Amino acid sequence: MAADLQGKRVAILAADGVERVELEQPREALERAGAQTEVLSIHDGEIKARENDLDEAGTFTVDGLVADASVGDFDALLLPGGTVNPDQLRVDKDAVSFVREFVESGKPVAAICHGPWTLIEAGVAAGRTLTSFPSIRTDLRNAGADVVDQDVVVDGNLITSRSPEDLPAFSEAIVTQLAGTTTKEEEKS
């Protein structure tokens, strides 16, 4: 992962119940490569993280509300999993709209584990090749996605992965895909 992501901004959309390692490890990889990350949520303050969905795993500070965020301010979007986190996001109209707009923008959108639930709710899974945690693969198929069982899948601007075991490949794919995009500042020059 020797990519230079200086000047790139990545939104991480998460809520209470986020799987800690699925937010933390990709964020660390992005920041090591030079990207700036910002945690967006449906409420301000802090969000509660989990480990294996069951155990408390600390908190993350929320940098901004998704309701106030603009897709144009970011170069990529990360959707970590955990079951509670995307279940909350997929019923929040601002979160769903933000995800839909991000996918439609053509910018990289990365979702791991149960994160693709929000892609389903945003109506952007149909016709795409995706992977996820096994328990939501039927949901993806029912939404019209072609579901495969691979550690990471890149289909256009969508990057999906199955579980924490796949985080090294997932993180590398995010950095690689983001390195292939241009920032708003680069487009102006």
# chains A, B, ... in the order shown; residues from 1 in each chain; ligands from 1

$ closest_atom_pairs --of "stretch 96-157 of chain A" --to "stretch 161-168 of chain A" --cutoff "6 Å" --atoms "only C-alpha atoms" --output "tab-separated table"
residue	atom	partner	partner_atom	distance
A:Ile112	CA	A:Ser161	CA	4.6
A:Cys113	CA	A:Arg162	CA	4.7
A:Thr131	CA	A:Ser161	CA	5.6
A:Ser132	CA	A:Arg162	CA	4.2
A:Phe133	CA	A:Arg162	CA	4.6
A:Asp151	CA	A:Asp166	CA	5.4
A:Val152	CA	A:Ser161	CA	4.5

$ write_last_selection --atoms "C-alpha atoms" --output "compact mmCIF listing (two decimals), in the first residue's frame"
# COMPACT_ATOMS: atom_id res chain seq x y z
CA ILE A 112 -17.63 -4.55 4.68
CA CYS A 113 -19.53 -7.27 6.55
CA THR A 131 -19.76 -9.79 -1.36
CA SER A 132 -20.72 -9.53 2.29
CA PHE A 133 -21.07 -11.38 5.55
CA ASP A 151 -12.30 -11.71 0.36
CA VAL A 152 -12.77 -8.47 -1.57

$ select_by_dssp --residues "stretch 50-181 of chain A" --states "strand (DSSP E)" --output "ChimeraX atom specification"
/A:50-51,55-61,64-65,76-79,109-112,129-130,146-147,152-155,158-161

$ write_last_selection --atoms "C-alpha atoms" --output "tab-separated table (two decimals), in the first residue's frame"
chain	number	residue	atom	x	y	z
A	50	ARG	CA	-18.56	-3.29	19.45
A	51	GLU	CA	-16.32	-6.32	19.12
A	55	ASP	CA	-18.77	-6.89	23.51
A	56	GLU	CA	-18.37	-3.19	24.20
A	57	ALA	CA	-15.26	-1.86	22.44
A	58	GLY	CA	-15.00	1.81	23.33
A	59	THR	CA	-16.19	4.79	21.34
A	60	PHE	CA	-15.33	6.90	18.32
A	61	THR	CA	-15.73	10.67	18.22
A	64	GLY	CA	-19.91	15.62	11.68
A	65	LEU	CA	-23.52	14.76	11.00
A	76	ALA	CA	-14.46	8.22	-0.96
A	77	LEU	CA	-16.90	6.65	1.51
A	78	LEU	CA	-16.30	3.81	3.97
A	79	LEU	CA	-19.23	1.81	5.39
A	109	VAL	CA	-17.61	3.41	-1.84
A	110	ALA	CA	-16.31	0.59	0.37
A	111	ALA	CA	-18.60	-1.61	2.50
A	112	ILE	CA	-17.63	-4.55	4.68
A	129	THR	CA	-21.20	-7.89	-8.14
A	130	LEU	CA	-20.81	-7.75	-4.36
A	146	ASP	CA	-24.68	-10.86	-8.13
A	147	VAL	CA	-23.22	-12.19	-4.88
A	152	VAL	CA	-12.77	-8.47	-1.57
A	153	VAL	CA	-14.74	-7.55	-4.69
A	154	VAL	CA	-14.29	-4.40	-6.76
A	155	ASP	CA	-17.16	-3.64	-9.16
A	158	LEU	CA	-18.04	-0.33	-5.20
A	159	ILE	CA	-15.60	-2.24	-3.00
A	160	THR	CA	-17.08	-4.93	-0.75
A	161	SER	CA	-15.66	-7.45	1.67

$ residues_around --residues "stretch 66-74 of chain A" --least-positions-apart "3" --cutoff "9 Å" --atoms "only C-alpha atoms" --output "list in words"
Lys8, Arg9, Val10, Ala11, Leu13, Leu40, Ser41, Ile42, His43, Leu77, Lys93, Asp94, Ala95, Phe98, Val99, Glu101, Phe102, Ser105, Lys107, Thr183 and Lys184 of chain A

$ residues_around --residues "A:Arg27" --least-positions-apart "4" --cutoff "9 Å" --atoms "only C-alpha atoms" --output "compact mmCIF listing (two decimals) with all heavy atoms, in the first residue's frame"
# COMPACT_ATOMS: atom_id res chain seq x y z
N VAL A 10 -11.84 11.18 3.12
CA VAL A 10 -12.69 10.00 3.16
C VAL A 10 -13.71 10.13 4.28
O VAL A 10 -13.35 10.35 5.44
CB VAL A 10 -11.85 8.72 3.36
CG1 VAL A 10 -12.75 7.49 3.41
CG2 VAL A 10 -10.80 8.59 2.27
N ILE A 12 -16.33 8.37 6.71
CA ILE A 12 -16.63 7.07 7.31
C ILE A 12 -17.99 7.22 7.96
O ILE A 12 -18.15 7.96 8.93
CB ILE A 12 -15.56 6.67 8.35
CG1 ILE A 12 -14.17 6.63 7.72
CG2 ILE A 12 -15.93 5.33 8.98
CD1 ILE A 12 -13.04 6.45 8.72
N GLU A 22 -13.51 -2.88 11.93
CA GLU A 22 -13.93 -2.57 10.56
C GLU A 22 -13.93 -1.08 10.27
O GLU A 22 -13.94 -0.67 9.11
CB GLU A 22 -15.30 -3.19 10.27
CG GLU A 22 -15.25 -4.70 10.27
CD GLU A 22 -16.59 -5.36 10.09
OE1 GLU A 22 -17.61 -4.66 9.90
OE2 GLU A 22 -16.62 -6.59 10.15
N LEU A 23 -13.92 -0.28 11.30
CA LEU A 23 -13.73 1.17 11.14
C LEU A 23 -12.25 1.51 11.30
O LEU A 23 -11.66 2.21 10.49
CB LEU A 23 -14.57 1.94 12.16
CG LEU A 23 -14.63 3.46 12.00
CD1 LEU A 23 -15.89 4.02 12.64
CD2 LEU A 23 -13.42 4.19 12.52
N GLU A 31 -5.11 6.67 6.44
CA GLU A 31 -4.33 7.76 7.03
C GLU A 31 -2.83 7.53 6.83
O GLU A 31 -2.09 8.49 6.58
CB GLU A 31 -4.69 7.94 8.50
CG GLU A 31 -6.10 8.52 8.65
CD GLU A 31 -6.57 8.67 10.10
OE1 GLU A 31 -5.90 8.16 11.02
OE2 GLU A 31 -7.64 9.29 10.29
N ARG A 32 -2.36 6.28 6.93
CA ARG A 32 -0.94 5.97 6.65
C ARG A 32 -0.57 6.36 5.23
O ARG A 32 0.55 6.77 4.95
CB ARG A 32 -0.66 4.49 6.87
CG ARG A 32 -0.26 4.12 8.26
CD ARG A 32 0.36 2.73 8.35
NE ARG A 32 -0.38 1.70 7.65
CZ ARG A 32 -1.37 0.98 8.18
NH1 ARG A 32 -1.76 1.19 9.41
NH2 ARG A 32 -1.98 0.05 7.48
N ALA A 35 -4.36 10.04 3.48
CA ALA A 35 -5.74 10.56 3.40
C ALA A 35 -6.18 11.14 4.74
O ALA A 35 -5.69 10.74 5.79
CB ALA A 35 -6.70 9.45 2.97
N GLN A 36 -7.11 12.05 4.66
CA GLN A 36 -7.77 12.59 5.86
C GLN A 36 -9.11 11.88 5.98
O GLN A 36 -9.84 11.76 4.99
CB GLN A 36 -7.98 14.10 5.71
CG GLN A 36 -8.76 14.72 6.83
CD GLN A 36 -9.12 16.17 6.55
OE1 GLN A 36 -8.64 16.78 5.61
NE2 GLN A 36 -10.01 16.70 7.36
N THR A 37 -9.46 11.40 7.18
CA THR A 37 -10.72 10.73 7.39
C THR A 37 -11.60 11.53 8.33
O THR A 37 -11.12 12.28 9.18
CB THR A 37 -10.53 9.31 7.97
OG1 THR A 37 -9.91 9.42 9.26
CG2 THR A 37 -9.68 8.45 7.05
N LEU A 78 -16.49 5.11 3.32
CA LEU A 78 -16.30 3.81 3.97
C LEU A 78 -17.53 3.50 4.81
O LEU A 78 -17.96 4.33 5.61
CB LEU A 78 -15.05 3.84 4.85
CG LEU A 78 -14.82 2.64 5.78
CD1 LEU A 78 -14.66 1.35 5.00
CD2 LEU A 78 -13.61 2.90 6.68
N SER A 171 -8.67 -3.23 3.03
CA SER A 171 -7.96 -1.96 3.21
C SER A 171 -7.07 -1.65 2.02
O SER A 171 -7.03 -0.51 1.55
CB SER A 171 -7.14 -2.00 4.50
OG SER A 171 -7.98 -2.16 5.63

$ residues_around --residues "stretch 177-179 of chain A" --least-positions-apart "6" --cutoff "7 Å" --atoms "only C-alpha atoms" --output "MDAnalysis selection string"
chainID A and resid 3:5 76 108

$ atom_distance --atom1 "atom CA of A:Thr138" --atom2 "atom CA of A:Arg20"
24.8 Å

$ select_by_dssp --residues "stretch 13-117 of chain A" --states "alpha helix (DSSP H)" --output "ChimeraX atom specification"
/A:20-32,84-89,93-105,116-117

$ atom_distance --atom1 "atom CA of A:Leu119" --atom2 "atom CA of A:Arg141"
12.2 Å
